[in-house]
$ cat protein_13.json   # JSON, C-alpha atoms
[["chain", "number", "residue", "atom", "x", "y", "z"],
["A", 161, "MET", "CA", 172.46, -73.93, -25.15],
["A", 162, "ASN", "CA", 170.15, -73.20, -22.34],
["A", 163, "THR", "CA", 171.27, -71.89, -18.94],
["A", 164, "ALA", "CA", 170.60, -75.20, -17.13],
["A", 165, "SER", "CA", 173.14, -77.09, -19.24],
["A", 166, "MET", "CA", 175.66, -74.24, -18.80],
["A", 167, "GLN", "CA", 175.30, -74.46, -15.03],
["A", 168, "LEU", "CA", 175.93, -78.23, -15.08],
["A", 169, "ALA", "CA", 178.94, -77.91, -17.38],
["A", 170, "ALA", "CA", 180.71, -75.28, -15.26],
["A", 171, "PRO", "CA", 181.33, -77.46, -12.17],
["A", 172, "SER", "CA", 182.60, -80.38, -14.28],
["A", 173, "GLY", "CA", 185.12, -78.05, -15.93],
["A", 174, "VAL", "CA", 186.35, -76.89, -12.51],
["A", 175, "VAL", "CA", 186.66, -80.51, -11.32],
["A", 176, "GLY", "CA", 188.65, -81.38, -14.44],
["A", 177, "LEU", "CA", 190.93, -78.41, -13.91],
["A", 178, "VAL", "CA", 191.50, -79.34, -10.23],
["A", 179, "LEU", "CA", 192.30, -82.96, -11.19],
["A", 180, "PHE", "CA", 194.73, -81.73, -13.85],
["A", 181, "VAL", "CA", 196.51, -79.47, -11.33],
["A", 182, "ILE", "CA", 196.74, -82.37, -8.83],
["A", 183, "ALA", "CA", 198.19, -84.66, -11.53],
["A", 184, "VAL", "CA", 200.80, -82.06, -12.51],
["A", 185, "GLY", "CA", 201.68, -81.58, -8.82],
["A", 186, "LEU", "CA", 202.16, -85.35, -8.36],
["A", 187, "LEU", "CA", 204.37, -85.55, -11.43],
["A", 188, "ALA", "CA", 206.44, -82.64, -10.09],
["A", 189, "LEU", "CA", 206.84, -84.47, -6.75],
["A", 190, "LEU", "CA", 207.97, -87.65, -8.52],
["A", 191, "ALA", "CA", 210.45, -85.76, -10.68],
["A", 192, "GLY", "CA", 211.78, -83.96, -7.60],
["A", 193, "GLY", "CA", 212.20, -87.31, -5.84],
["A", 194, "PHE", "CA", 214.23, -88.73, -8.71],
["A", 195, "TRP", "CA", 216.36, -85.59, -8.85],
["A", 196, "LEU", "CA", 217.02, -85.66, -5.09],
["A", 197, "THR", "CA", 217.87, -89.38, -5.17],
["A", 198, "SER", "CA", 220.36, -88.86, -7.99],
["A", 199, "ARG", "CA", 222.05, -86.02, -6.06],
["A", 200, "VAL", "CA", 222.39, -88.18, -2.93],
["A", 201, "LYS", "CA", 223.70, -91.15, -4.92],
["A", 202, "TYR", "CA", 226.23, -88.92, -6.72],
["A", 203, "ARG", "CA", 227.67, -87.83, -3.33],
["A", 204, "GLU", "CA", 228.14, -91.40, -2.05],
["A", 205, "SER", "CA", 231.55, -92.99, -2.13],
["A", 206, "ALA", "CA", 232.29, -95.43, -4.92],
["A", 207, "ARG", "CA", 231.72, -99.14, -4.41],
["A", 208, "PRO", "CA", 234.85, -101.11, -3.54],
["A", 209, "ARG", "CA", 236.61, -102.80, -6.43],
["A", 210, "PRO", "CA", 237.12, -106.59, -6.35],
["A", 211, "GLU", "CA", 240.73, -106.22, -5.18],
["A", 212, "GLU", "CA", 239.53, -104.02, -2.28],
["A", 213, "GLN", "CA", 237.11, -106.68, -0.98],
["A", 214, "PRO", "CA", 237.91, -108.45, 2.32],
["A", 215, "LYS", "CA", 240.02, -111.60, 2.02],
["A", 216, "LEU", "CA", 240.15, -114.75, 4.14],
["A", 217, "PRO", "CA", 243.07, -114.98, 6.55],
["A", 218, "PRO", "CA", 245.98, -117.19, 5.42],
["A", 219, "GLU", "CA", 245.02, -119.94, 7.90],
["A", 220, "GLY", "CA", 241.54, -120.20, 6.35],
["A", 221, "ALA", "CA", 238.06, -119.53, 7.59],
["A", 222, "VAL", "CA", 237.39, -118.95, 11.28],
["A", 223, "HIS", "CA", 235.55, -121.88, 12.81],
["A", 224, "GLU", "CA", 232.67, -121.85, 15.21],
["A", 225, "VAL", "CA", 233.34, -122.49, 18.90],
["A", 226, "GLN", "CA", 230.58, -124.03, 20.99],
["A", 227, "GLU", "CA", 230.76, -123.89, 24.75],
["A", 228, "ASN", "CA", 228.39, -123.89, 27.69],
["A", 229, "ARG", "CA", 228.42, -120.91, 30.00],
["A", 230, "ASP", "CA", 227.90, -120.89, 33.79],
["A", 231, "TYR", "CA", 226.24, -117.83, 35.21],
["A", 232, "GLN", "CA", 226.37, -116.36, 38.69],
["A", 233, "GLU", "CA", 223.30, -117.17, 40.75],
["A", 234, "VAL", "CA", 221.09, -114.33, 41.92],
["A", 235, "PRO", "CA", 221.43, -114.13, 45.72],
["A", 236, "LYS", "CA", 218.47, -115.58, 47.66],
["A", 237, "THR", "CA", 216.39, -113.19, 49.73],
["A", 238, "PRO", "CA", 216.82, -113.95, 53.46],
["A", 239, "LYS", "CA", 213.68, -114.73, 55.45],
["A", 240, "GLY", "CA", 212.11, -111.42, 56.43],
["A", 241, "GLY", "CA", 214.60, -109.46, 54.31],
["A", 242, "ARG", "CA", 213.87, -107.33, 51.31],
["A", 243, "PRO", "CA", 214.76, -108.44, 47.78],
["A", 244, "LEU", "CA", 217.62, -106.76, 45.98],
["A", 245, "THR", "CA", 216.83, -104.22, 43.30],
["A", 246, "PRO", "CA", 218.49, -104.46, 39.89],
["A", 247, "TYR", "CA", 220.76, -101.58, 40.88],
["A", 248, "GLU", "CA", 222.09, -103.52, 43.88],
["A", 249, "LEU", "CA", 223.04, -106.58, 41.86],
["A", 250, "SER", "CA", 226.56, -106.85, 40.55],
["A", 251, "ASN", "CA", 227.39, -107.37, 36.90],
["A", 252, "MET", "CA", 226.28, -110.96, 36.40],
["A", 253, "ASP", "CA", 229.26, -112.27, 34.46],
["A", 254, "SER", "CA", 229.46, -115.71, 32.96],
["A", 255, "ARG", "CA", 232.39, -118.10, 32.67],
["A", 256, "PRO", "CA", 233.04, -121.21, 30.57],
["A", 257, "SER", "CA", 231.46, -124.31, 32.07],
["A", 258, "ASP", "CA", 233.41, -127.45, 32.96],
["A", 259, "ASP", "CA", 230.43, -129.51, 31.75],
["A", 260, "LYS", "CA", 230.81, -130.13, 28.01],
["A", 261, "LYS", "CA", 227.40, -131.84, 27.61],
["A", 262, "ARG", "CA", 225.02, -129.61, 25.71],
["A", 263, "PRO", "CA", 221.68, -128.97, 27.43],
["A", 264, "ARG", "CA", 218.71, -130.57, 25.67],
["A", 265, "TRP", "CA", 215.00, -130.04, 26.00],
["A", 266, "SER", "CA", 212.94, -132.84, 27.40],
["A", 267, "ARG", "CA", 211.67, -135.39, 24.89],
["A", 268, "GLY", "CA", 208.48, -134.28, 23.15],
["A", 269, "SER", "CA", 208.96, -130.64, 24.14],
["A", 270, "SER", "CA", 209.31, -127.82, 21.66],
["A", 271, "GLY", "CA", 211.72, -126.07, 24.01],
["A", 272, "SER", "CA", 209.89, -122.79, 24.24],
["A", 273, "PHE", "CA", 206.85, -121.54, 26.05],
["A", 274, "GLY", "CA", 203.93, -121.50, 23.66],
["A", 275, "GLY", "CA", 206.10, -122.93, 20.88],
["A", 276, "GLY", "CA", 203.27, -125.05, 19.53],
["A", 277, "GLY", "CA", 204.83, -128.41, 20.34],
["A", 278, "LEU", "CA", 203.08, -131.30, 22.01],
["A", 279, "GLY", "CA", 204.88, -130.67, 25.27],
["A", 280, "ALA", "CA", 206.14, -133.30, 27.72],
["A", 281, "HIS", "CA", 203.78, -136.28, 28.12]]
$ encode --input "protein_13.json" --output "structure tokens"
Amino acid sequence: MNTASMQLAAPSGVVGLVLFVIAVGLLALLAGGFWLTSRVKYRESARPRPEEQPKLPPEGAVHEVQENRDYQEVPKTPKGGRPLTPYELSNMDSRPSDDKKRPRWSRGSSGSFGGGGLGAH
């Protein structure tokens, strides 16, 4: 072998060795991940048995309640006065509404801004 081919072969051997070391390092990381996961899973509490699962109440399933809510209005700013800051507003509670009619969007409207509907015509 001449010296030119020896010089070309040396760097490829180093590259192969570096790639091999990287591959072994990746395999060690994967194995360490599996080992750590198994340790964490071993420390977890056991899954509940079927008899420990939640049961329905004797009266059956809980049913949905639909109601409209009335909210307190934000106070109007008096002419020449300054608006209230959020810190000056009280807790804006809601209460059940006397009106039982459900609010509906106008016909042809998607009901949301930029919702992609045709909008009111």
$ residues_around --input "protein_13.json" --residues "Pro246 of chain A" --least-positions-apart "6" --cutoff "12 Å" --atoms "all atoms listed in the file" --output "JSON list (two decimals) with C-alpha atoms, keeping the file's coordinate frame"
[["chain", "number", "residue", "atom", "x", "y", "z"],
["A", 234, "VAL", "CA", 221.09, -114.33, 41.92],
["A", 235, "PRO", "CA", 221.43, -114.13, 45.72],
["A", 252, "MET", "CA", 226.28, -110.96, 36.40]]
$ residues_around --input "protein_13.json" --residues "Asn228 of chain A" --least-positions-apart "2" --cutoff "9 Å" --atoms "all atoms listed in the file" --output "PyMOL selection string"
chain A and resi 226+230+255-263
$ atom_distance --input "protein_13.json" --atom1 "atom CA of Ser254 of chain A" --atom2 "atom CA of Val225 of chain A"
16.1 Å
$ atom_distance --input "protein_13.json" --atom1 "atom CA of Val184 of chain A" --atom2 "atom CA of Arg199 of chain A"
22.6 Å
$ build_atoms --input "protein_13.json" --residues "segment 222-242 of chain A" --atoms "N, CA, C and O atoms" --output "PDB file, keeping the file's coordinate frame"
ATOM      1  N   VAL A 222     237.493-118.825   9.836  1.00  0.00           N
ATOM      2  CA  VAL A 222     237.390-118.950  11.280  1.00  0.00           C
ATOM      3  C   VAL A 222     236.276-119.937  11.579  1.00  0.00           C
ATOM      4  O   VAL A 222     235.214-119.894  10.969  1.00  0.00           O
ATOM      5  N   HIS A 223     236.535-120.851  12.512  1.00  0.00           N
ATOM      6  CA  HIS A 223     235.550-121.880  12.810  1.00  0.00           C
ATOM      7  C   HIS A 223     234.748-121.525  14.051  1.00  0.00           C
ATOM      8  O   HIS A 223     235.200-120.787  14.918  1.00  0.00           O
ATOM      9  N   GLU A 224     233.582-122.105  14.119  1.00  0.00           N
ATOM     10  CA  GLU A 224     232.670-121.850  15.210  1.00  0.00           C
ATOM     11  C   GLU A 224     233.147-122.560  16.471  1.00  0.00           C
ATOM     12  O   GLU A 224     233.643-123.680  16.432  1.00  0.00           O
ATOM     13  N   VAL A 225     232.999-121.895  17.615  1.00  0.00           N
ATOM     14  CA  VAL A 225     233.340-122.490  18.900  1.00  0.00           C
ATOM     15  C   VAL A 225     232.057-122.606  19.698  1.00  0.00           C
ATOM     16  O   VAL A 225     231.333-121.623  19.873  1.00  0.00           O
ATOM     17  N   GLN A 226     231.761-123.833  20.161  1.00  0.00           N
ATOM     18  CA  GLN A 226     230.580-124.030  20.990  1.00  0.00           C
ATOM     19  C   GLN A 226     231.029-124.331  22.403  1.00  0.00           C
ATOM     20  O   GLN A 226     231.903-125.179  22.622  1.00  0.00           O
ATOM     21  N   GLU A 227     230.447-123.636  23.357  1.00  0.00           N
ATOM     22  CA  GLU A 227     230.760-123.890  24.750  1.00  0.00           C
ATOM     23  C   GLU A 227     229.546-123.554  25.587  1.00  0.00           C
ATOM     24  O   GLU A 227     228.720-122.726  25.214  1.00  0.00           O
ATOM     25  N   ASN A 228     229.434-124.213  26.729  1.00  0.00           N
ATOM     26  CA  ASN A 228     228.390-123.890  27.690  1.00  0.00           C
ATOM     27  C   ASN A 228     228.921-122.826  28.628  1.00  0.00           C
ATOM     28  O   ASN A 228     230.110-122.760  28.912  1.00  0.00           O
ATOM     29  N   ARG A 229     228.028-121.979  29.090  1.00  0.00           N
ATOM     30  CA  ARG A 229     228.420-120.910  30.000  1.00  0.00           C
ATOM     31  C   ARG A 229     227.733-121.118  31.348  1.00  0.00           C
ATOM     32  O   ARG A 229     226.566-121.511  31.414  1.00  0.00           O
ATOM     33  N   ASP A 230     228.460-120.888  32.439  1.00  0.00           N
ATOM     34  CA  ASP A 230     227.900-120.890  33.790  1.00  0.00           C
ATOM     35  C   ASP A 230     227.707-119.450  34.206  1.00  0.00           C
ATOM     36  O   ASP A 230     228.587-118.603  34.025  1.00  0.00           O
ATOM     37  N   TYR A 231     226.564-119.183  34.794  1.00  0.00           N
ATOM     38  CA  TYR A 231     226.240-117.830  35.210  1.00  0.00           C
ATOM     39  C   TYR A 231     226.219-117.747  36.725  1.00  0.00           C
ATOM     40  O   TYR A 231     225.961-118.730  37.410  1.00  0.00           O
ATOM     41  N   GLN A 232     226.467-116.564  37.253  1.00  0.00           N
ATOM     42  CA  GLN A 232     226.370-116.360  38.690  1.00  0.00           C
ATOM     43  C   GLN A 232     224.900-116.448  39.095  1.00  0.00           C
ATOM     44  O   GLN A 232     224.023-115.964  38.387  1.00  0.00           O
ATOM     45  N   GLU A 233     224.665-117.069  40.235  1.00  0.00           N
ATOM     46  CA  GLU A 233     223.300-117.170  40.750  1.00  0.00           C
ATOM     47  C   GLU A 233     222.887-115.833  41.365  1.00  0.00           C
ATOM     48  O   GLU A 233     223.708-115.126  41.957  1.00  0.00           O
ATOM     49  N   VAL A 234     221.617-115.506  41.259  1.00  0.00           N
ATOM     50  CA  VAL A 234     221.090-114.330  41.920  1.00  0.00           C
ATOM     51  C   VAL A 234     220.978-114.669  43.405  1.00  0.00           C
ATOM     52  O   VAL A 234     220.453-115.725  43.761  1.00  0.00           O
ATOM     53  N   PRO A 235     221.478-113.815  44.286  1.00  0.00           N
ATOM     54  CA  PRO A 235     221.430-114.130  45.720  1.00  0.00           C
ATOM     55  C   PRO A 235     219.998-114.316  46.199  1.00  0.00           C
ATOM     56  O   PRO A 235     219.083-113.602  45.785  1.00  0.00           O
ATOM     57  N   LYS A 236     219.800-115.314  47.089  1.00  0.00           N
ATOM     58  CA  LYS A 236     218.470-115.580  47.660  1.00  0.00           C
ATOM     59  C   LYS A 236     218.129-114.491  48.666  1.00  0.00           C
ATOM     60  O   LYS A 236     218.991-113.945  49.348  1.00  0.00           O
ATOM     61  N   THR A 237     216.847-114.181  48.771  1.00  0.00           N
ATOM     62  CA  THR A 237     216.390-113.190  49.730  1.00  0.00           C
ATOM     63  C   THR A 237     216.273-113.868  51.094  1.00  0.00           C
ATOM     64  O   THR A 237     215.594-114.887  51.219  1.00  0.00           O
ATOM     65  N   PRO A 238     216.939-113.332  52.127  1.00  0.00           N
ATOM     66  CA  PRO A 238     216.820-113.950  53.460  1.00  0.00           C
ATOM     67  C   PRO A 238     215.406-113.803  53.991  1.00  0.00           C
ATOM     68  O   PRO A 238     214.664-112.897  53.610  1.00  0.00           O
ATOM     69  N   LYS A 239     215.022-114.744  54.869  1.00  0.00           N
ATOM     70  CA  LYS A 239     213.680-114.730  55.450  1.00  0.00           C
ATOM     71  C   LYS A 239     213.457-113.400  56.171  1.00  0.00           C
ATOM     72  O   LYS A 239     214.250-112.992  57.017  1.00  0.00           O
ATOM     73  N   GLY A 240     212.422-112.693  55.814  1.00  0.00           N
ATOM     74  CA  GLY A 240     212.110-111.420  56.430  1.00  0.00           C
ATOM     75  C   GLY A 240     212.889-110.250  55.834  1.00  0.00           C
ATOM     76  O   GLY A 240     212.645-109.099  56.181  1.00  0.00           O
ATOM     77  N   GLY A 241     213.809-110.519  54.931  1.00  0.00           N
ATOM     78  CA  GLY A 241     214.600-109.460  54.310  1.00  0.00           C
ATOM     79  C   GLY A 241     213.915-108.926  53.067  1.00  0.00           C
ATOM     80  O   GLY A 241     212.929-109.469  52.590  1.00  0.00           O
ATOM     81  N   ARG A 242     214.449-107.891  52.534  1.00  0.00           N
ATOM     82  CA  ARG A 242     213.870-107.330  51.310  1.00  0.00           C
ATOM     83  C   ARG A 242     214.688-107.813  50.107  1.00  0.00           C
ATOM     84  O   ARG A 242     215.898-108.013  50.201  1.00  0.00           O
TER      85      ARG A 242
END
